[in-house]
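Novice: You'll find start.pdb just under this line, and it carries PDB, C-alpha atoms.
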```pdb
ATOM      1  CA  MET A   1     117.482 137.123 -15.011
ATOM      2  CA  SER A   2     114.086 135.484 -14.882
ATOM      3  CA  LYS A   3     110.889 137.109 -16.121
ATOM      4  CA  ARG A   4     109.838 140.122 -14.064
ATOM      5  CA  ARG A   5     107.099 139.538 -11.550
ATOM      6  CA  ALA A   6     104.316 142.065 -11.258
ATOM      7  CA  ASP A   7     102.961 140.744  -7.947
ATOM      8  CA  ILE A   8     105.447 141.416  -5.154
ATOM      9  CA  ALA A   9     104.203 140.654  -1.631
ATOM     10  CA  PHE A  10     106.791 141.853   0.848
ATOM     11  CA  SER A  11     108.035 139.776   3.743
ATOM     12  CA  PRO A  12     110.435 140.593   6.604
ATOM     13  CA  THR A  13     113.143 138.848   4.553
ATOM     14  CA  ASP A  14     112.549 141.213   1.637
ATOM     15  CA  LEU A  15     112.903 144.228   3.899
ATOM     16  CA  ARG A  16     116.148 142.833   5.294
ATOM     17  CA  LEU A  17     117.507 142.279   1.773
ATOM     18  CA  LEU A  18     116.520 145.811   0.786
ATOM     19  CA  ARG A  19     118.423 147.188   3.775
ATOM     20  CA  VAL A  20     121.477 145.212   2.646
ATOM     21  CA  PHE A  21     121.092 146.566  -0.884
ATOM     22  CA  ARG A  22     120.761 150.126   0.439
ATOM     23  CA  ALA A  23     123.945 149.757   2.497
ATOM     24  CA  VAL A  24     125.853 148.358  -0.498
ATOM     25  CA  VAL A  25     124.855 151.329  -2.633
ATOM     26  CA  ARG A  26     125.673 153.768   0.158
ATOM     27  CA  HIS A  27     129.173 152.320   0.512
ATOM     28  CA  LYS A  28     129.592 151.687  -3.232
ATOM     29  CA  GLY A  29     130.485 148.037  -2.940
ATOM     30  CA  PHE A  30     130.137 144.773  -1.039
ATOM     31  CA  ALA A  31     133.459 144.888   0.819
ATOM     32  CA  ALA A  32     132.959 148.516   1.854
ATOM     33  CA  ALA A  33     129.551 147.678   3.366
ATOM     34  CA  GLN A  34     130.691 144.768   5.522
ATOM     35  CA  ASP A  35     131.501 146.823   8.628
ATOM     36  CA  GLU A  36     128.059 148.406   8.738
ATOM     37  CA  LEU A  37     126.235 145.156   8.030
ATOM     38  CA  GLY A  38     128.438 142.792  10.045
ATOM     39  CA  LEU A  39     128.462 140.364   7.108
ATOM     40  CA  SER A  40     131.176 139.047   4.814
ATOM     41  CA  PRO A  41     131.371 140.374   1.227
ATOM     42  CA  ALA A  42     130.383 136.931  -0.050
ATOM     43  CA  THR A  43     127.256 136.872   2.124
ATOM     44  CA  ILE A  44     126.361 140.410   1.086
ATOM     45  CA  SER A  45     126.754 139.433  -2.564
ATOM     46  CA  ASN A  46     124.469 136.445  -2.001
ATOM     47  CA  HIS A  47     121.850 138.677  -0.409
ATOM     48  CA  VAL A  48     121.896 141.109  -3.327
ATOM     49  CA  GLY A  49     121.696 138.139  -5.713
ATOM     50  CA  ARG A  50     118.646 136.855  -3.869
ATOM     51  CA  LEU A  51     117.021 140.267  -4.190
ATOM     52  CA  GLU A  52     117.729 140.309  -7.918
ATOM     53  CA  GLN A  53     116.171 136.877  -8.291
ATOM     54  CA  ARG A  54     113.217 137.985  -6.191
ATOM     55  CA  PHE A  55     112.509 140.954  -8.455
ATOM     56  CA  GLY A  56     113.721 139.387 -11.679
ATOM     57  CA  ILE A  57     115.959 142.326 -12.587
ATOM     58  CA  ARG A  58     119.642 143.226 -12.515
ATOM     59  CA  LEU A  59     120.205 145.756  -9.728
ATOM     60  CA  CYS A  60     123.908 146.437 -10.035
ATOM     61  CA  GLU A  61     127.078 145.651 -11.951
ATOM     62  CA  ARG A  62     130.070 144.313 -10.041
ATOM     63  CA  GLY A  63     133.412 143.115 -11.238
ATOM     64  CA  ARG A  64     136.841 144.402 -12.207
ATOM     65  CA  LYS A  65     135.407 147.751 -13.291
ATOM     66  CA  GLY A  66     133.945 148.261  -9.825
ATOM     67  CA  PHE A  67     130.425 148.633  -8.473
ATOM     68  CA  SER A  68     127.683 150.562 -10.253
ATOM     69  CA  LEU A  69     123.896 150.683 -10.197
ATOM     70  CA  THR A  70     121.884 149.739 -13.255
ATOM     71  CA  ALA A  71     119.053 152.006 -14.347
ATOM     72  CA  ASP A  72     116.578 149.527 -12.855
ATOM     73  CA  GLY A  73     118.668 149.354  -9.706
ATOM     74  CA  GLY A  74     118.458 153.117  -9.318
ATOM     75  CA  ARG A  75     114.676 153.030  -9.544
ATOM     76  CA  ILE A  76     114.498 150.174  -7.028
ATOM     77  CA  LEU A  77     116.826 152.068  -4.681
ATOM     78  CA  ASP A  78     114.586 155.154  -4.744
ATOM     79  CA  ALA A  79     111.537 153.008  -4.032
ATOM     80  CA  ALA A  80     113.384 151.104  -1.297
ATOM     81  CA  GLU A  81     114.406 154.340   0.438
ATOM     82  CA  ALA A  82     110.787 155.485   0.511
ATOM     83  CA  LEU A  83     109.533 152.073   1.664
ATOM     84  CA  LEU A  84     112.096 151.613   4.434
ATOM     85  CA  ARG A  85     111.537 155.137   5.720
ATOM     86  CA  SER A  86     107.785 154.470   5.785
ATOM     87  CA  VAL A  87     108.380 151.291   7.763
ATOM     88  CA  GLU A  88     110.575 153.157  10.221
ATOM     89  CA  ASN A  89     107.985 155.905  10.598
ATOM     90  CA  PHE A  90     105.277 153.290  11.110
ATOM     91  CA  THR A  91     107.336 151.671  13.862
ATOM     92  CA  SER A  92     107.772 155.072  15.480
ATOM     93  CA  ILE A  93     104.013 155.752  15.345
ATOM     94  CA  VAL A  94     103.206 152.354  16.864
ATOM     95  CA  GLY A  95     105.657 153.080  19.645
ATOM     96  CA  SER A  96     104.126 156.471  20.323
ATOM     97  CA  VAL A  97     100.639 154.945  20.492
ATOM     98  CA  LYS A  98     102.003 152.596  23.142
ATOM     99  CA  GLY A  99     103.516 155.533  24.975
ATOM    100  CA  GLU A 100     107.139 154.893  24.001
ATOM    101  CA  LEU A 101     109.540 156.078  21.314
ATOM    102  CA  SER A 102     111.029 153.419  19.057
ATOM    103  CA  GLY A 103     112.160 152.916  15.465
ATOM    104  CA  THR A 104     115.242 154.381  13.794
ATOM    105  CA  VAL A 105     116.585 157.920  13.513
ATOM    106  CA  HIS A 106     119.046 158.698  10.712
ATOM    107  CA  LEU A 107     121.386 161.592  11.509
ATOM    108  CA  GLY A 108     123.975 162.903   9.053
ATOM    109  CA  MET A 109     126.839 165.283   9.799
ATOM    110  CA  VAL A 110     130.174 166.470   8.463
ATOM    111  CA  ASP A 111     133.497 165.263   9.831
ATOM    112  CA  ALA A 112     135.813 166.993  12.325
ATOM    113  CA  MET A 113     133.110 168.011  14.799
ATOM    114  CA  HIS A 114     134.276 166.071  17.843
ATOM    115  CA  THR A 115     137.080 168.498  18.749
ATOM    116  CA  ASN A 116     134.710 171.463  19.120
ATOM    117  CA  ARG A 117     134.149 171.277  22.879
ATOM    118  CA  ASP A 118     132.091 174.481  22.857
ATOM    119  CA  VAL A 119     129.409 172.611  20.954
ATOM    120  CA  GLN A 120     129.449 169.274  22.841
ATOM    121  CA  LEU A 121     127.497 167.185  20.399
ATOM    122  CA  ASP A 122     128.123 164.137  22.581
ATOM    123  CA  LYS A 123     126.022 165.659  25.378
ATOM    124  CA  ALA A 124     123.074 166.163  23.027
ATOM    125  CA  ILE A 125     123.320 162.536  21.914
ATOM    126  CA  ALA A 126     123.547 161.319  25.516
ATOM    127  CA  ALA A 127     120.448 163.276  26.524
ATOM    128  CA  PHE A 128     118.493 161.910  23.563
ATOM    129  CA  VAL A 129     119.485 158.289  24.208
ATOM    130  CA  LYS A 130     118.441 158.573  27.857
ATOM    131  CA  ALA A 131     115.083 160.024  26.837
ATOM    132  CA  ALA A 132     114.481 157.476  24.056
ATOM    133  CA  PRO A 133     116.441 154.310  24.926
ATOM    134  CA  ARG A 134     114.496 152.088  22.514
ATOM    135  CA  VAL A 135     115.303 154.195  19.440
ATOM    136  CA  HIS A 136     118.049 152.942  17.138
ATOM    137  CA  LEU A 137     120.341 155.840  16.233
ATOM    138  CA  HIS A 138     122.070 155.605  12.854
ATOM    139  CA  VAL A 139     124.783 158.238  12.392
ATOM    140  CA  GLU A 140     126.789 158.848   9.221
ATOM    141  CA  ILE A 141     129.572 161.214   8.190
ATOM    142  CA  ALA A 142     129.234 162.696   4.700
ATOM    143  CA  SER A 143     130.062 165.763   2.635
ATOM    144  CA  PRO A 144     127.654 168.736   2.776
ATOM    145  CA  GLN A 145     126.466 167.948  -0.762
ATOM    146  CA  GLU A 146     125.674 164.340   0.167
ATOM    147  CA  LEU A 147     124.008 165.381   3.420
ATOM    148  CA  LEU A 148     121.556 167.666   1.682
ATOM    149  CA  GLN A 149     120.758 165.183  -1.084
ATOM    150  CA  ARG A 150     120.146 162.362   1.387
ATOM    151  CA  LEU A 151     117.936 164.594   3.519
ATOM    152  CA  VAL A 152     115.878 165.603   0.488
ATOM    153  CA  ASP A 153     115.415 162.001  -0.681
ATOM    154  CA  GLY A 154     114.536 160.778   2.816
ATOM    155  CA  ARG A 155     117.620 158.774   3.732
ATOM    156  CA  TYR A 156     118.385 161.119   6.652
ATOM    157  CA  GLY A 157     115.922 162.496   9.154
ATOM    158  CA  ALA A 158     118.170 165.389  10.201
ATOM    159  CA  ILE A 159     121.566 166.773   9.258
ATOM    160  CA  LEU A 160     124.182 169.086  10.754
ATOM    161  CA  THR A 161     125.866 171.035   7.965
ATOM    162  CA  PRO A 162     127.991 174.162   7.463
ATOM    163  CA  ILE A 163     125.952 175.227   4.438
ATOM    164  CA  GLU A 164     122.402 176.526   4.425
ATOM    165  CA  ALA A 165     119.952 174.117   2.815
ATOM    166  CA  HIS A 166     118.256 176.090   0.033
ATOM    167  CA  HIS A 167     115.505 173.653  -0.900
ATOM    168  CA  PRO A 168     111.728 174.124  -0.613
ATOM    169  CA  SER A 169     111.255 170.827   1.243
ATOM    170  CA  ILE A 170     113.874 171.645   3.901
ATOM    171  CA  VAL A 171     113.876 173.821   7.021
ATOM    172  CA  ALA A 172     117.335 174.895   8.200
ATOM    173  CA  LEU A 173     117.968 176.479  11.605
ATOM    174  CA  PRO A 174     121.312 178.254  12.224
ATOM    175  CA  LEU A 175     122.867 176.976  15.451
ATOM    176  CA  TYR A 176     126.399 178.235  15.930
ATOM    177  CA  ARG A 177     129.431 179.711  14.197
ATOM    178  CA  GLU A 178     132.787 177.983  13.792
ATOM    179  CA  GLU A 179     136.027 179.867  13.153
ATOM    180  CA  GLN A 180     138.116 178.826  10.148
ATOM    181  CA  ARG A 181     141.758 179.783   9.631
ATOM    182  CA  LEU A 182     144.234 179.260   6.814
ATOM    183  CA  TYR A 183     147.050 176.820   7.671
ATOM    184  CA  CYS A 184     150.315 175.570   6.245
ATOM    185  CA  GLY A 185     152.301 172.513   7.296
ATOM    186  CA  ARG A 186     155.780 172.385   8.794
ATOM    187  CA  GLY A 187     157.419 171.556   5.445
ATOM    188  CA  HIS A 188     155.792 174.471   3.618
ATOM    189  CA  PRO A 189     157.965 177.419   2.442
ATOM    190  CA  LEU A 190     155.800 179.844   4.437
ATOM    191  CA  PHE A 191     155.985 177.908   7.693
ATOM    192  CA  GLY A 192     159.035 179.804   8.977
ATOM    193  CA  THR A 193     157.991 183.218   7.654
ATOM    194  CA  ARG A 194     156.911 185.352  10.582
ATOM    195  CA  LYS A 195     157.276 188.940   9.321
ATOM    196  CA  GLY A 196     156.423 190.766   6.131
ATOM    197  CA  LEU A 197     153.962 188.146   4.914
ATOM    198  CA  SER A 198     151.446 189.621   2.466
ATOM    199  CA  LEU A 199     148.119 188.416   1.143
ATOM    200  CA  ALA A 200     149.489 188.441  -2.403
ATOM    201  CA  THR A 201     152.374 186.174  -1.404
ATOM    202  CA  VAL A 202     150.112 183.683   0.374
ATOM    203  CA  ARG A 203     147.855 183.404  -2.670
ATOM    204  CA  GLU A 204     150.753 182.377  -4.898
ATOM    205  CA  TYR A 205     150.960 178.921  -3.300
ATOM    206  CA  PRO A 206     148.907 175.779  -4.107
ATOM    207  CA  TYR A 207     145.635 175.745  -2.197
ATOM    208  CA  VAL A 208     143.146 172.988  -1.330
ATOM    209  CA  SER A 209     139.534 174.088  -1.674
ATOM    210  CA  ARG A 210     136.291 172.583  -0.404
ATOM    211  CA  SER A 211     134.191 171.112  -3.182
ATOM    212  CA  TYR A 212     130.906 172.338  -1.741
ATOM    213  CA  MET A 213     132.096 175.927  -2.155
ATOM    214  CA  LEU A 214     133.021 175.636  -5.824
ATOM    215  CA  GLU A 215     129.579 176.485  -7.208
ATOM    216  CA  ALA A 216     129.543 179.799  -5.371
ATOM    217  CA  VAL A 217     133.108 180.857  -4.615
ATOM    218  CA  GLN A 218     133.339 182.536  -1.225
ATOM    219  CA  SER A 219     135.373 185.704  -0.671
ATOM    220  CA  HIS A 220     137.981 183.839   1.376
ATOM    221  CA  ASP A 221     138.499 181.424  -1.545
ATOM    222  CA  GLU A 222     139.128 184.091  -4.160
ATOM    223  CA  GLY A 223     142.582 184.639  -5.607
ATOM    224  CA  PHE A 224     144.120 181.353  -4.467
ATOM    225  CA  ASP A 225     145.855 178.836  -6.712
ATOM    226  CA  HIS A 226     143.255 176.056  -6.474
ATOM    227  CA  ARG A 227     145.282 172.871  -6.984
ATOM    228  CA  ALA A 228     143.353 170.299  -4.922
ATOM    229  CA  THR A 229     139.732 169.741  -3.920
ATOM    230  CA  THR A 230     137.979 167.708  -1.224
ATOM    231  CA  SER A 231     134.830 167.738   0.918
ATOM    232  CA  HIS A 232     136.368 166.476   4.167
ATOM    233  CA  MET A 233     138.487 168.119   6.852
ATOM    234  CA  GLU A 234     140.503 164.923   7.335
ATOM    235  CA  ALA A 235     141.638 165.086   3.709
ATOM    236  CA  ILE A 236     142.451 168.799   3.939
ATOM    237  CA  THR A 237     144.531 168.052   7.030
ATOM    238  CA  ILE A 238     146.574 165.426   5.207
ATOM    239  CA  LEU A 239     147.239 167.788   2.308
ATOM    240  CA  ILE A 240     148.297 170.596   4.646
ATOM    241  CA  LEU A 241     150.597 168.275   6.598
ATOM    242  CA  SER A 242     152.244 167.271   3.316
ATOM    243  CA  GLY A 243     153.778 170.744   3.239
ATOM    244  CA  GLN A 244     152.573 171.260  -0.323
ATOM    245  CA  PHE A 245     149.216 172.973   0.181
ATOM    246  CA  LEU A 246     147.557 175.774   2.086
ATOM    247  CA  GLY A 247     144.046 175.135   3.338
ATOM    248  CA  TYR A 248     141.345 176.197   5.762
ATOM    249  CA  LEU A 249     140.505 174.139   8.844
ATOM    250  CA  PRO A 250     138.266 174.724  11.865
ATOM    251  CA  THR A 251     140.393 176.348  14.560
ATOM    252  CA  HIS A 252     139.393 173.719  17.136
ATOM    253  CA  PHE A 253     140.344 170.870  14.791
ATOM    254  CA  ALA A 254     143.766 172.328  13.917
ATOM    255  CA  LYS A 255     144.601 173.225  17.530
ATOM    256  CA  SER A 256     146.457 169.987  18.347
ATOM    257  CA  PHE A 257     148.555 170.202  15.152
ATOM    258  CA  VAL A 258     149.502 173.784  15.958
ATOM    259  CA  ALA A 259     150.412 172.824  19.531
ATOM    260  CA  THR A 260     152.796 170.104  18.310
ATOM    261  CA  GLY A 261     154.417 172.359  15.722
ATOM    262  CA  GLN A 262     153.022 170.548  12.694
ATOM    263  CA  MET A 263     150.961 173.505  11.445
ATOM    264  CA  ARG A 264     150.694 177.261  11.766
ATOM    265  CA  SER A 265     147.970 179.677  10.719
ATOM    266  CA  LEU A 266     148.582 182.545   8.332
ATOM    267  CA  LEU A 267     147.290 186.139   8.352
ATOM    268  CA  ASP A 268     144.517 185.475  10.840
ATOM    269  CA  ARG A 269     143.201 189.035  10.894
ATOM    270  CA  LYS A 270     142.858 189.155   7.111
ATOM    271  CA  LEU A 271     141.943 185.571   6.231
ATOM    272  CA  ALA A 272     140.071 184.031   9.165
ATOM    273  CA  TYR A 273     136.301 183.683   8.736
ATOM    274  CA  PHE A 274     133.307 181.937  10.323
ATOM    275  CA  ASP A 275     131.137 179.101   9.025
ATOM    276  CA  THR A 276     127.550 178.948  10.258
ATOM    277  CA  PHE A 277     126.345 175.451  11.105
ATOM    278  CA  HIS A 278     122.714 174.573  10.493
ATOM    279  CA  LEU A 279     120.390 171.868  11.718
ATOM    280  CA  ALA A 280     118.181 170.888   8.778
ATOM    281  CA  VAL A 281     115.092 168.663   8.628
ATOM    282  CA  ARG A 282     112.358 168.048   6.102
ATOM    283  CA  ARG A 283     109.287 170.271   6.417
ATOM    284  CA  ASP A 284     107.044 167.213   6.409
ATOM    285  CA  GLU A 285     109.041 165.265   9.026
ATOM    286  CA  ARG A 286     106.670 163.279  11.244
ATOM    287  CA  ASN A 287     108.996 160.837  12.977
ATOM    288  CA  ARG A 288     108.599 161.739  16.678
ATOM    289  CA  ALA A 289     112.008 160.351  17.573
ATOM    290  CA  THR A 290     113.669 162.466  14.886
ATOM    291  CA  LEU A 291     111.843 165.560  16.097
ATOM    292  CA  MET A 292     112.888 164.839  19.677
ATOM    293  CA  LEU A 293     116.519 164.496  18.596
ATOM    294  CA  THR A 294     116.356 167.877  16.868
ATOM    295  CA  GLU A 295     115.028 169.424  20.090
ATOM    296  CA  PHE A 296     118.015 168.109  22.053
ATOM    297  CA  LEU A 297     120.414 169.270  19.344
ATOM    298  CA  VAL A 298     118.973 172.777  19.336
ATOM    299  CA  GLU A 299     118.999 172.990  23.129
ATOM    300  CA  THR A 300     122.609 171.830  23.409
ATOM    301  CA  LEU A 301     124.260 173.212  20.279
ATOM    302  CA  LYS A 302     122.774 176.679  19.950
ATOM    303  CA  VAL A 303     125.521 178.180  22.053
ATOM    304  CA  LYS A 304     126.422 181.237  20.006
ATOM    305  CA  SER A 305     124.191 183.946  18.622
ATOM    306  CA  ILE A 306     123.972 184.250  14.860
ATOM    307  CA  ALA A 307     124.418 187.757  13.468
TER     308      ALA A 307
END
```
Is it possible to give me this structure as structure tokens?
Specialist:
Amino acid sequence: MSKRRADIAFSPTDLRLLRVFRAVVRHKGFAAAQDELGLSPATISNHVGRLEQRFGIRLCERGRKGFSLTADGGRILDAAEALLRSVENFTSIVGSVKGELSGTVHLGMVDAMHTNRDVQLDKAIAAFVKAAPRVHLHVEIASPQELLQRLVDGRYGAILTPIEAHHPSIVALPLYREEQRLYCGRGHPLFGTRKGLSLATVREYPYVSRSYMLEAVQSHDEGFDHRATTSHMEAITILILSGQFLGYLPTHFAKSFVATGQMRSLLDRKLAYFDTFHLAVRRDERNRATLMLTEFLVETLKVKSIA
């Protein structure tokens, strides 16, 4: 790499390259970022190379061992996140001065929400888009841990998460509760057991747990044989369908598998529980488009009272 430059004057090209770099880090590689960016891996690599030449530092390592950030790359990423969010907020402010909403809103959420028709997230999105047609909406699916971290560091403007965000910079509003039941797949030894099933027997079998619950084990997780871990409902579903694991799923998400005889729930009265979903934003959020989106989400999604 060439000698580091102390005088960096940013241009629109630099901002575009930083957005490419941010997407590469988010997806942990050039090939994985191509769908979001609409560019080939080779072009993405060239863009990151140009950014490295521009700054005179090595941002990331890539090769047979995979993709990884350098220490300098991590510092540049943090600065880029702050810069790009400032640019987006500036665009939003300019739009509001002109009497219109514009810029970008970054919304993060967990997976397996689309089958909950009581919540109707799609209606909230539709109402927001009609009210702010010039705003670019960027939506990502991530684990609850990633959602909170990306909200704290400014990558997301708002998140929908099943865990309460305990952080001084975050405000979390409970919206609704979602029932969770324990399921087994058709090939599981307990699938055909209808009578005499006990809690002790159920807890003898391999269980897939949610990684975001490991730090503070919940009562419904206690006593199980934890043999697999994941953050996503899609992955839990696959493990349950394998017939080798028990696991919790949202009732609405498992409904179609139960209807087709691929799954059944176990000991509903003893083991079913409710997750509370929260809408979380930063306390210092000033992006008007983000705040408007949260208003539509609250209006549409707060359909059940929280005890």
Novice: Could you check which of A:Lys270, A:Arg16, A:Arg75, A:Arg117 is closest to Ala200 of chain A, using all atoms listed in the file?
Specialist: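 Closest to Ala200 of chain A, using all atoms listed in the file: A:Lys270.
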Novice: Could you check which of A:Val25, A:Leu175, A:Val208, A:Leu77 is closest to Asp153 of chain A, using all atoms listed in the file?
Specialist: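 Of A:Val25, A:Leu175, A:Val208, A:Leu77, the one nearest Asp153 of chain A, counting all atoms listed in the file, is A:Leu77.
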Novice: Do you have, as a Markdown table, the list of residues of segment 245-298 of chain A lying at most 12 Å from segment 190-196 of chain A, each with its nearest atom pair and that distance in Å to one decimal, counting all atoms listed in the file and ordered by chain then number?
Specialist:
```
| residue | atom | partner | partner_atom | distance |
| --- | --- | --- | --- | --- |
| A:Phe245 | CA | A:Leu190 | CA | 10.4 |
| A:Leu246 | CA | A:Leu190 | CA | 9.5 |
| A:Val258 | CA | A:Phe191 | CA | 11.3 |
| A:Gly261 | CA | A:Phe191 | CA | 9.9 |
| A:Gln262 | CA | A:Phe191 | CA | 9.4 |
| A:Met263 | CA | A:Phe191 | CA | 7.7 |
| A:Arg264 | CA | A:Phe191 | CA | 6.7 |
| A:Ser265 | CA | A:Phe191 | CA | 8.7 |
| A:Leu266 | CA | A:Leu190 | CA | 8.6 |
| A:Leu267 | CA | A:Arg194 | CA | 9.9 |
```
Novice: If you count only C-alpha atoms, which residues fall within 9 Å of Asp72 of chain A, apart from same-chain ones fewer than 3 positions away, as a list of chain:residue names?
Specialist: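 Counting only C-alpha atoms, the residues come to A:Ile57, A:Arg58, A:Leu59, A:Cys60, A:Leu69, A:Arg75, A:Ile76, A:Leu77.
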Novice: Could you spell out the hits of the PyMOL selection byres ((chain A and resi 276-283) around 8) on the shown file, as a list in words?
Specialist: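 Applying the expression gives Leu151, Val152, Gly157, Ala158, Ile159, Leu160, Thr161, Pro162, Ile163, Glu164, Ala165, Ser169, Ile170, Val171, Ala172, Leu173, Pro174, Leu175, Tyr176, Arg177, Glu178, Phe274, Asp275, Asp284, Glu285, Thr294, Val298 and Ile306 of chain A.
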Novice: Distance atom CA of Arg22 of chain A-atom CA of Leu101 of chain A, one decimal place?
Specialist: 24.4 Å
Novice: Counting all atoms listed in the file, what is within 9 Å of segment 39-52 of chain A, bar same-chain residues fewer than 3 positions away, as JSON, numbers by chain?
Specialist: {"A": [1, 14, 17, 18, 20, 21, 24, 29, 30, 31, 32, 33, 34, 35, 36, 55, 56, 57, 58, 59, 60]}
Novice: Which residues would end up in the selection if the PyMOL selection byres ((chain A and resi 85) around 12) were applied here, given that I need the answer as a short mmCIF file (atom, residue, chain, number, x, y, z; two decimals) with C-alpha atoms, keeping the file's coordinate frame?
Specialist:
```cif
data_model
loop_
_atom_site.label_atom_id
_atom_site.label_comp_id
_atom_site.auth_asym_id
_atom_site.auth_seq_id
_atom_site.Cartn_x
_atom_site.Cartn_y
_atom_site.Cartn_z
CA LEU A 15 112.90 144.23 3.90
CA LEU A 18 116.52 145.81 0.79
CA ARG A 19 118.42 147.19 3.78
CA ARG A 22 120.76 150.13 0.44
CA ASP A 78 114.59 155.15 -4.74
CA ALA A 79 111.54 153.01 -4.03
CA ALA A 80 113.38 151.10 -1.30
CA GLU A 81 114.41 154.34 0.44
CA ALA A 82 110.79 155.49 0.51
CA LEU A 83 109.53 152.07 1.66
CA LEU A 84 112.10 151.61 4.43
CA SER A 86 107.78 154.47 5.78
CA VAL A 87 108.38 151.29 7.76
CA GLU A 88 110.58 153.16 10.22
CA ASN A 89 107.98 155.90 10.60
CA PHE A 90 105.28 153.29 11.11
CA THR A 91 107.34 151.67 13.86
CA SER A 92 107.77 155.07 15.48
CA GLY A 103 112.16 152.92 15.46
CA THR A 104 115.24 154.38 13.79
CA VAL A 105 116.58 157.92 13.51
CA HIS A 106 119.05 158.70 10.71
CA LEU A 151 117.94 164.59 3.52
CA ASP A 153 115.42 162.00 -0.68
CA GLY A 154 114.54 160.78 2.82
CA ARG A 155 117.62 158.77 3.73
CA TYR A 156 118.38 161.12 6.65
CA GLY A 157 115.92 162.50 9.15
CA GLU A 285 109.04 165.26 9.03
CA ARG A 286 106.67 163.28 11.24
CA ASN A 287 109.00 160.84 12.98
CA THR A 290 113.67 162.47 14.89
#
```
Novice: Enumerate, as a VMD selection string, the residues matched when the PyMOL selection byres ((chain A and resi 141) around 10) is run on the file above.
Specialist: chain A and resid 107 to 112 139 to 140 142 to 144 146 to 147 159 to 160 232
Novice: Would you mind reading off the distance between atom CA of Thr260 of chain A and atom CA of Tyr273 of chain A, one decimal, in Å?
Specialist: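 According to the coordinates, atom CA of Thr260 of chain A and atom CA of Tyr273 of chain A are separated by 23.4 Å.
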Novice: Could you check how far atom CA of Phe253 of chain A sits from atom CA of Asp225 of chain A, in Å to one decimal?
Specialist: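 So the two atoms, atom CA of Phe253 of chain A and atom CA of Asp225 of chain A, lie 23.6 Å apart.
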Novice: Write out as JSON, numbers by chain the residues lying within 8 Å of His252 of chain A, counting all atoms listed in the file and excluding same-chain residues fewer than 3 positions away.
Specialist: {"A": [115, 116, 255]}
Novice: Considering all atoms listed in the file, state which residue in the set A:Ala289, A:Ala254, A:Met233, A:Ile238 is at the smallest distance from Ser102 of chain A.
Specialist: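 Checking each of A:Ala289, A:Ala254, A:Met233, A:Ile238 against Ser102 of chain A, counting all atoms listed in the file, the winner is A:Ala289.
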Novice: Any idea what's packed within 12 Å of Gln120 of chain A, counting only C-alpha atoms, ignoring anything in its chain fewer than 2 positions away? Could you give it as a list in words?
Specialist: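 These residues fall inside the cut-off: Met113, His114, Thr115, Asn116, Arg117, Asp118, Asp122, Lys123, Ala124, Ile125, Ala126, Ala127, Tyr176, Phe296, Leu297, Val298, Glu299, Thr300, Leu301, Lys302 and Val303 of chain A.
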Novice: With 5 Å added on each side, what axis-aligned box encloses every listed atom of segment 177-190 of chain A? Give the centre and edge lengths in Å to one decimal, as lines of an AutoDock Vina configuration file.
Specialist:
```
center_x = 143.7
center_y = 175.7
center_z = 8.3
size_x = 38.5
size_y = 18.3
size_z = 21.8
```
Novice: Pick from A:Glu179, A:Val135, A:Glu234, A:His226: nearest to Arg288 of chain A, with all atoms listed in the file counted?
Specialist: A:Val135
